[in-house]
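These notes are about the structure you will find just below.
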Amino acid sequence: MAIKHFLQFSDFTRDEFEHVIERTHVIKQKFKNYEPYHPLVDRTLVMVFEKNSTRTRLSFEAGMHQLGGAAIYLNTRDSQLGRGEPVEDAGQVMSRMCDIIMIRTFGQDIIERFASHSRVPVINGLTNEHHPCQVLADVFTFIEHRGPIEGKTVAWIGDANNMLYSWLQAADTFGFHCNVSTPKGYEIDRKLISPANRNFTLFDNPGDACAGAHLVSTDVWTSMGYEEENAARLAAFDGWIVDQAKMERAQPDAIFMHCLPAHRGEEVSAEVIDGPQSVVWDEAENRLHVQKALLEYLVLGKL
């Protein structure tokens, strides 16, 4: 199979996502049944972290081991990348020593440059602009709980960050609609979305964005790398907390998601994230399962 990367959600077709989702169901069931499944025996995943992580590292490292392969952790501070080695050179060298690479970094341009010089598939574990693995897990979680997401409405409340841009690409791919509410000064950057994407509506009032939604999602108000803006963001996002009043405007069976870590009392109330409509723990676990299916597909193709 020709080298395939997963650098943003739009890199896959609907057919490819349908395959990965189907494989996720199978692989997750094997995991729940304690049934060994080792299609990637003797294969190696290299994980490159410039941004720290809990869920990304654990899900990829555990996932690769569960598939029979090995995972190697590299932090840029402890590698030549942290000493100024060109990203292009690192891509050439690393890709000759492993079978697949996952990178969690800052600018999308970094991972694009790396992938353009890699001889093996590269996965975006997170950049400032995109978080495709998390949104793939979120789409799978919705399907698992509520069935097909096509034709449904997803409400995004909060910052126009990497999660939102991946949600917008997912809406374009799967045919659902996004209601988006961001505070003034934190709106969508039109340069980061396709001009052809019409599957979203902007709302000034976050409660209005939740009206009729099948899924309500949010994220921390201050993402990694923007800590110096924290005080200004807390003031600007006042009123954008996902609380019970907003959830009551959504569909009666609407679910709540958050990619974690969460700050109760800021972007979401404890009543919501710990309440019966929250699926955040299933959502977190499903990072493991969708990424195993992703690794399987990128290394071995369709099985």
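The chains in the structure tokens are called A, B, ... from first to last as shown; in each chain the residues are counted from 1, and the ligands are counted from 1 in the order shown.
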
Taking 2 positions as the minimum chain separation for residues in the same chain, which residues sit within 7 Å of Ser217 in chain A when counting only C-alpha atoms? Answer as a compact mmCIF listing (two decimals) with C-alpha atoms, in the first residue's frame.
```
# COMPACT_ATOMS: atom_id res chain seq x y z
CA ALA A 155 -22.76 21.81 19.41
CA TRP A 156 -19.27 23.17 20.03
CA ILE A 157 -19.08 25.63 22.94
CA LEU A 215 -24.08 16.09 21.16
CA PHE A 256 -21.85 15.45 26.53
CA MET A 257 -18.19 15.06 25.53
CA HIS A 258 -14.92 16.63 26.64
```

Residues near Arg146 in chain A, anyone? I mean within 10 Å using only C-alpha atoms, not counting same-chain ones fewer than 3 positions away, as a compact mmCIF listing (two decimals) with C-alpha atoms, in the first residue's frame.
```txt
# COMPACT_ATOMS: atom_id res chain seq x y z
CA PHE A 140 -16.88 6.49 17.24
CA THR A 141 -18.19 7.13 20.76
CA PHE A 142 -21.28 8.87 19.41
CA ILE A 143 -21.95 5.97 17.01
CA ILE A 149 -23.89 10.56 13.28
CA HIS A 214 -27.58 15.61 19.77
CA LEU A 215 -24.08 16.09 21.16
CA ASP A 253 -31.09 12.13 24.88
CA ALA A 254 -28.16 14.41 24.01
CA ILE A 255 -24.73 13.36 25.25
```

Could you list, as a tab-separated table (two decimals) with C-alpha atoms, in the first residue's frame, every residue within 10 Å of Gly275 in chain A, counting only C-alpha atoms and ignoring same-chain residues fewer than 4 positions away?
```
chain	number	residue	atom	x	y	z
A	244	GLN	CA	-27.28	21.93	33.07
A	256	PHE	CA	-21.85	15.45	26.53
A	269	SER	CA	-20.04	22.22	35.46
A	270	ALA	CA	-19.48	19.19	37.67
A	271	GLU	CA	-23.20	18.46	37.36
A	279	VAL	CA	-19.80	9.89	28.12
```

Which neighbours of Leu45 in chain A fall inside 7 Å, counting only C-alpha atoms, when residues of the same chain fewer than 4 positions from it are skipped, and could you give them as a list in words?
->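 So the residues in contact are Ala70, Ala71, Ile72, Cys98, Asp99, Ile100 and Ile101 of chain A.
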
Go ahead and write the selection's residues with C-alpha atoms as a compact mmCIF listing (two decimals), in the first residue's frame.
```txt
# COMPACT_ATOMS: atom_id res chain seq x y z
CA ALA A 70 6.67 -2.11 20.31
CA ALA A 71 6.38 1.59 21.09
CA ILE A 72 9.34 3.92 21.62
CA CYS A 98 10.52 2.03 12.47
CA ASP A 99 7.20 1.19 10.82
CA ILE A 100 5.00 4.11 11.84
CA ILE A 101 5.43 7.46 13.66
```

Could you pull out all residues of range 187-289 of chain A with a DSSP call of strand (DSSP E) and give them as number ranges by chain?
-> A: 200-202, 215-218, 255-258
